[in-house]
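**Student:** Dropping a structure here in structure tokens format, bear with me for questions.
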Amino acid sequence: MPTPYGWSDANGYFTYQHACGGTTAPWGFRISSSVQSIITSTVTEQGMDWWRNYTAMSRRAPHVVSKDYQFHGTFKPVDDNDLITYGDYFYFTVRVNGNTGAGSLHVWGELHNVR
């Protein structure tokens, strides 16, 4: 059973799993409640871009969903010792102090699968 890992910042919470000897790596992202509180529209996700050992892989599926959606996908194929680099953009409308405007989040990072 893979160990799930997760980390957060003011923008949201990211999760990642990869079982030793496995060939997939599920991931997830949820926008933080503080950011959700200012979003007034649906959220358009570009679709996760990712690289395996510096080689571009196919973009994951885009979504247009509610602000409380659990964004998720699976990097595949991945192996032990692979270096995974990832990035995704999220676009939405916000209302802050009575003003409406465009908002966005950029989620990105790098992971090294170790055995």
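Labeling convention for the structure tokens: chains A, B, ... as they appear, residues from 1 per chain, ligands from 1 in order of appearance.
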Show me, as a list of chain:residue names, the residues that have an atom within 9 Å of Gly22 (chain A) when counting only C-alpha atoms, minus same-chain residues fewer than 2 positions from it.

**Tutor:** A:Pro2, A:His18, A:Ala19, A:Cys20, A:Thr24, A:Ala25, A:Pro77, A:Val78, A:Asp79, A:Asp80

**Student:** Do a neighbour search on Val43 (chain A) at 6 Å with only C-alpha atoms, toss out local chain neighbours closer than 2 positions, and write the hits as a PyMOL selection string.

**Tutor:** chain A and resi 64-67+91-92

**Student:** Using only N, CA and C atoms, please write the residues we just selected to a file, as a short mmCIF file (atom, residue, chain, number, x, y, z; two decimals), in the first residue's frame.

**Tutor:**
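Written out: part_30.cif:
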data_model
loop_
_atom_site.label_atom_id
_atom_site.label_comp_id
_atom_site.auth_asym_id
_atom_site.auth_seq_id
_atom_site.Cartn_x
_atom_site.Cartn_y
_atom_site.Cartn_z
N VAL A 64 -13.78 22.14 -15.75
CA VAL A 64 -14.48 23.35 -15.33
C VAL A 64 -15.46 22.88 -14.26
N VAL A 65 -15.18 23.24 -13.00
CA VAL A 65 -15.90 22.64 -11.88
C VAL A 65 -16.11 23.68 -10.77
N SER A 66 -16.81 23.25 -9.72
CA SER A 66 -17.04 24.14 -8.58
C SER A 66 -15.73 24.36 -7.80
N LYS A 67 -15.70 25.44 -7.05
CA LYS A 67 -14.48 25.83 -6.33
C LYS A 67 -14.07 24.84 -5.24
N TYR A 91 -8.11 29.06 -13.11
CA TYR A 91 -8.60 30.41 -13.37
C TYR A 91 -10.03 30.53 -12.86
N PHE A 92 -10.38 31.72 -12.34
CA PHE A 92 -11.69 31.94 -11.75
C PHE A 92 -11.92 33.43 -11.56
#

**Student:** Taking only C-alpha atoms into account, which of A:Ser58, A:Ser8, A:Thr42, A:Thr74 comes nearest Pro26 (chain A)?

**Tutor:**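 Once distances to Pro26 (chain A) are computed over only C-alpha atoms, the minimum belongs to A:Thr74.
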
**Student:** Using DSSP on the backbone coordinates, identify the residues of region 29-69 of chain A assigned to alpha helix (DSSP H); present them as a list of chain:residue names.

**Tutor:**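 DSSP on the backbone gives alpha helix (DSSP H) at A:Ser33, A:Ser34, A:Val35, A:Gln36.
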
**Student:** Could you write those residues out with N, CA and C atoms, as a PDB file, in the first residue's frame?

**Tutor:**
ATOM      1  N   SER A  33      -9.807  26.835   1.807  1.00  0.00           N
ATOM      2  CA  SER A  33     -11.090  27.470   2.131  1.00  0.00           C
ATOM      3  C   SER A  33     -10.981  28.992   2.085  1.00  0.00           C
ATOM      4  N   SER A  34      -9.837  29.562   2.432  1.00  0.00           N
ATOM      5  CA  SER A  34      -9.694  31.024   2.384  1.00  0.00           C
ATOM      6  C   SER A  34      -9.740  31.536   0.949  1.00  0.00           C
ATOM      7  N   VAL A  35      -9.146  30.825   0.012  1.00  0.00           N
ATOM      8  CA  VAL A  35      -9.225  31.228  -1.399  1.00  0.00           C
ATOM      9  C   VAL A  35     -10.627  30.956  -1.930  1.00  0.00           C
ATOM     10  N   GLN A  36     -11.215  29.796  -1.558  1.00  0.00           N
ATOM     11  CA  GLN A  36     -12.586  29.508  -1.990  1.00  0.00           C
ATOM     12  C   GLN A  36     -13.556  30.606  -1.565  1.00  0.00           C
TER      13      GLN A  36
END

**Student:** For Ile38 (chain A), list every protein, DNA or RNA residue within 9 Å, evaluated using only C-alpha atoms, and leave out those in the same chain fewer than 4 positions away; present the list as a PDB file with C-alpha atoms, in the first residue's frame.

**Tutor:**
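The result, written out as around29.pdb:
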ATOM      1  CA  SER A  34      -9.694  31.024   2.384  1.00  0.00           C
ATOM      2  CA  THR A  93     -13.503  35.177 -10.845  1.00  0.00           C
ATOM      3  CA  VAL A  94     -13.000  36.686  -7.399  1.00  0.00           C
ATOM      4  CA  ARG A  95     -14.713  39.344  -5.308  1.00  0.00           C
ATOM      5  CA  VAL A  96     -12.496  41.124  -2.779  1.00  0.00           C
TER       6      VAL A  96
END

**Student:** Skip His63 (chain A) itself and residues of its chain fewer than 3 positions away, then list as a CSV table (one decimal) with all heavy atoms, in the first residue's frame all residues within 9 Å of it, counting only C-alpha atoms.

**Tutor:**
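Here's the written file around_27.csv:
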chain,number,residue,atom,x,y,z
A,43,VAL,N,-14.4,27.1,-11.5
A,43,VAL,CA,-12.9,27.1,-11.6
A,43,VAL,C,-12.6,26.4,-12.9
A,43,VAL,O,-13.0,25.2,-13.1
A,43,VAL,CB,-12.2,26.5,-10.4
A,43,VAL,CG1,-10.7,26.4,-10.6
A,43,VAL,CG2,-12.5,27.2,-9.1
A,44,THR,N,-11.8,27.0,-13.7
A,44,THR,CA,-11.3,26.3,-15.0
A,44,THR,C,-9.9,25.9,-14.7
A,44,THR,O,-9.0,26.7,-14.5
A,44,THR,CB,-11.3,27.3,-16.2
A,44,THR,OG1,-12.7,27.7,-16.4
A,44,THR,CG2,-10.8,26.7,-17.4
A,45,GLU,N,-9.7,24.6,-14.8
A,45,GLU,CA,-8.3,24.0,-14.6
A,45,GLU,C,-7.8,23.7,-16.0
A,45,GLU,O,-8.4,23.1,-16.8
A,45,GLU,CB,-8.4,22.7,-13.8
A,45,GLU,CG,-7.0,22.0,-13.7
A,45,GLU,CD,-7.1,20.5,-13.5
A,45,GLU,OE1,-8.2,19.9,-13.6
A,45,GLU,OE2,-6.1,19.9,-13.1
A,46,GLN,N,-6.5,24.2,-16.3
A,46,GLN,CA,-5.9,24.0,-17.5
A,46,GLN,C,-5.7,22.5,-17.8
A,46,GLN,O,-5.8,22.0,-19.0
A,46,GLN,CB,-4.5,24.7,-17.5
A,46,GLN,CG,-3.6,24.2,-18.6
A,46,GLN,CD,-2.2,24.8,-18.3
A,46,GLN,OE1,-2.0,25.9,-18.7
A,46,GLN,NE2,-1.3,24.0,-17.7
A,47,GLY,N,-5.4,21.7,-16.8
A,47,GLY,CA,-5.0,20.3,-17.0
A,47,GLY,C,-3.5,20.2,-16.6
A,47,GLY,O,-2.7,21.0,-17.0
A,71,PHE,N,-9.6,18.3,-7.2
A,71,PHE,CA,-8.9,18.1,-8.5
A,71,PHE,C,-8.0,16.8,-8.3
A,71,PHE,O,-7.4,16.7,-7.2
A,71,PHE,CB,-8.0,19.3,-8.9
A,71,PHE,CG,-8.8,20.5,-9.2
A,71,PHE,CD1,-9.1,21.4,-8.1
A,71,PHE,CD2,-9.4,20.7,-10.4
A,71,PHE,CE1,-9.9,22.5,-8.4
A,71,PHE,CE2,-10.2,21.8,-10.7
A,71,PHE,CZ,-10.4,22.8,-9.6

**Student:** If you count only C-alpha atoms, which residues fall within 6 Å of Gly12 (chain A), apart from same-chain ones fewer than 3 positions away, as a list in words?

**Tutor:**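 Everything that qualifies: Ser8, Asp9, Arg30, Ile31 and Ser32 of chain A.
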
**Student:** Store the residues of this selection in a file with all heavy atoms, as a PDB file, in the first residue's frame.

**Tutor:**
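What follows is the written file selection.pdb:
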ATOM      1  N   SER A   8       0.608  21.645   2.253  1.00  0.00           N
ATOM      2  CA  SER A   8      -0.304  22.752   1.975  1.00  0.00           C
ATOM      3  C   SER A   8       0.412  24.084   2.117  1.00  0.00           C
ATOM      4  O   SER A   8       1.473  24.188   2.721  1.00  0.00           O
ATOM      5  CB  SER A   8      -1.501  22.692   2.922  1.00  0.00           C
ATOM      6  OG  SER A   8      -1.076  22.853   4.247  1.00  0.00           O
ATOM      7  N   ASP A   9      -0.225  25.087   1.539  1.00  0.00           N
ATOM      8  CA  ASP A   9       0.148  26.483   1.752  1.00  0.00           C
ATOM      9  C   ASP A   9      -1.156  27.272   1.773  1.00  0.00           C
ATOM     10  O   ASP A   9      -2.229  26.678   1.836  1.00  0.00           O
ATOM     11  CB  ASP A   9       1.148  26.989   0.706  1.00  0.00           C
ATOM     12  CG  ASP A   9       0.605  27.001  -0.718  1.00  0.00           C
ATOM     13  OD1 ASP A   9      -0.623  26.883  -0.920  1.00  0.00           O
ATOM     14  OD2 ASP A   9       1.413  27.139  -1.648  1.00  0.00           O
ATOM     15  N   ARG A  30      -6.737  20.446  -3.664  1.00  0.00           N
ATOM     16  CA  ARG A  30      -7.967  21.135  -3.247  1.00  0.00           C
ATOM     17  C   ARG A  30      -7.609  22.580  -2.906  1.00  0.00           C
ATOM     18  O   ARG A  30      -6.667  22.832  -2.147  1.00  0.00           O
ATOM     19  CB  ARG A  30      -8.603  20.456  -2.044  1.00  0.00           C
ATOM     20  CG  ARG A  30      -9.957  21.107  -1.685  1.00  0.00           C
ATOM     21  CD  ARG A  30     -10.652  20.416  -0.541  1.00  0.00           C
ATOM     22  NE  ARG A  30     -10.989  19.039  -0.830  1.00  0.00           N
ATOM     23  CZ  ARG A  30     -12.122  18.628  -1.424  1.00  0.00           C
ATOM     24  NH1 ARG A  30     -13.015  19.514  -1.812  1.00  0.00           N
ATOM     25  NH2 ARG A  30     -12.362  17.363  -1.617  1.00  0.00           N
ATOM     26  N   ILE A  31      -8.361  23.517  -3.467  1.00  0.00           N
ATOM     27  CA  ILE A  31      -8.162  24.936  -3.180  1.00  0.00           C
ATOM     28  C   ILE A  31      -8.521  25.198  -1.723  1.00  0.00           C
ATOM     29  O   ILE A  31      -9.519  24.684  -1.221  1.00  0.00           O
ATOM     30  CB  ILE A  31      -9.018  25.802  -4.128  1.00  0.00           C
ATOM     31  CG1 ILE A  31      -8.581  25.583  -5.588  1.00  0.00           C
ATOM     32  CG2 ILE A  31      -8.927  27.281  -3.750  1.00  0.00           C
ATOM     33  CD1 ILE A  31      -9.483  26.236  -6.619  1.00  0.00           C
ATOM     34  N   SER A  32      -7.712  25.996  -1.036  1.00  0.00           N
ATOM     35  CA  SER A  32      -7.934  26.278   0.386  1.00  0.00           C
ATOM     36  C   SER A  32      -9.271  26.984   0.612  1.00  0.00           C
ATOM     37  O   SER A  32      -9.798  27.664  -0.276  1.00  0.00           O
ATOM     38  CB  SER A  32      -6.805  27.151   0.946  1.00  0.00           C
ATOM     39  OG  SER A  32      -6.900  28.464   0.429  1.00  0.00           O
TER      40      SER A  32
END

**Student:** List as a VMD selection string the protein and nucleic acid residues near Gly73 (chain A), meaning an atom at most 7 Å away when only C-alpha atoms are counted, but skip any in the same chain fewer than 2 places from it.

**Tutor:** chain A and resid 26 to 28 75

**Student:** I need the chosen residues saved as a CSV table (one decimal), in the first residue's frame, with C-alpha atoms.

**Tutor:**
chain,number,residue,atom,x,y,z
A,26,PRO,CA,-2.1,9.4,-8.1
A,27,TRP,CA,-2.2,13.1,-7.1
A,28,GLY,CA,-4.8,15.5,-5.8
A,75,PHE,CA,0.8,10.3,-13.5

**Student:** Name the closest residue to Ala102 (chain A) among the candidates A:Ile39, A:Val114, A:Ala10, A:Met48; distances are taken between atoms, counting only C-alpha atoms.

**Tutor:** A:Ile39

**Student:** Just how far from CA of Arg60 (chain A) is CA of Leu83 (chain A), in Å to one decimal?

**Tutor:**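 Taking CA of Leu83 (chain A) and CA of Arg60 (chain A), their separation equals 17.4 Å.
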
**Student:** Could you make a table, as JSON lines, of the residues of region 3-50 of chain A that have an atom within 10 Å of an atom of region 107-110 of chain A, each with its nearest atom pair and distance in Å to one decimal, counting only C-alpha atoms, in chain and number order?

**Tutor:**
{"residue": "A:Asn11", "atom": "CA", "partner": "A:Val107", "partner_atom": "CA", "distance": 8.8}
{"residue": "A:Gly12", "atom": "CA", "partner": "A:Val107", "partner_atom": "CA", "distance": 9.0}
{"residue": "A:Tyr13", "atom": "CA", "partner": "A:Val107", "partner_atom": "CA", "distance": 10.0}
{"residue": "A:Phe14", "atom": "CA", "partner": "A:Val107", "partner_atom": "CA", "distance": 8.8}
{"residue": "A:Phe29", "atom": "CA", "partner": "A:Val107", "partner_atom": "CA", "distance": 8.7}
{"residue": "A:Met48", "atom": "CA", "partner": "A:Val107", "partner_atom": "CA", "distance": 9.0}
{"residue": "A:Asp49", "atom": "CA", "partner": "A:Trp108", "partner_atom": "CA", "distance": 9.2}
{"residue": "A:Trp50", "atom": "CA", "partner": "A:Trp108", "partner_atom": "CA", "distance": 9.3}

**Student:** Could you turn the residues from that selection into a file that holds C-alpha atoms, as an mmCIF file, in the first residue's frame?

**Tutor:**
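Final output, saved to part.cif:
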data_model
loop_
_atom_site.group_PDB
_atom_site.id
_atom_site.type_symbol
_atom_site.label_atom_id
_atom_site.label_comp_id
_atom_site.auth_asym_id
_atom_site.auth_seq_id
_atom_site.Cartn_x
_atom_site.Cartn_y
_atom_site.Cartn_z
ATOM 1 C CA ASN A 11 -3.577 28.429 -1.663
ATOM 2 C CA GLY A 12 -4.442 24.775 -1.133
ATOM 3 C CA TYR A 13 -3.518 21.204 -0.277
ATOM 4 C CA PHE A 14 -1.631 18.834 -2.625
ATOM 5 C CA PHE A 29 -5.288 19.240 -5.162
ATOM 6 C CA MET A 48 -1.815 19.123 -15.255
ATOM 7 C CA ASP A 49 1.377 19.353 -17.301
ATOM 8 C CA TRP A 50 4.112 16.991 -16.181
#

**Student:** Provide the CA of Gly98 (chain A) to CA of Asp68 (chain A) distance in Å, to one decimal place.

**Tutor:**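 CA of Gly98 (chain A) sits 21.8 Å away from CA of Asp68 (chain A).
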
**Student:** Suppose you want the space between CA of Trp7 (chain A) and CA of Met57 (chain A); what is it in Å?

**Tutor:** 23.7 Å

**Student:** Ranking A:Phe90, A:Asn113, A:Thr23, A:Gly103 by minimum distance to Tyr69 (chain A) and counting only C-alpha atoms, which one comes first?

**Tutor:**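 Once distances to Tyr69 (chain A) are computed over only C-alpha atoms, the minimum belongs to A:Phe90.
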
**Student:** When DSSP is applied to the backbone of this structure, which of chain A are assigned strand (DSSP E)? Write them out as a PyMOL selection string.

**Tutor:** chain A and resi 5-9+12-16+25-31+43-45+49-52+55-56+63-65+71-75+83-96+99-112

**Student:** Measuring atom to atom with only C-alpha atoms, identify which of A:Ser104, A:Gln70, A:Trp51, A:Lys76 is nearest to Tyr89 (chain A).

**Tutor:**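 Between A:Ser104, A:Gln70, A:Trp51, A:Lys76, the residue approaching Tyr89 (chain A) most closely is A:Ser104.
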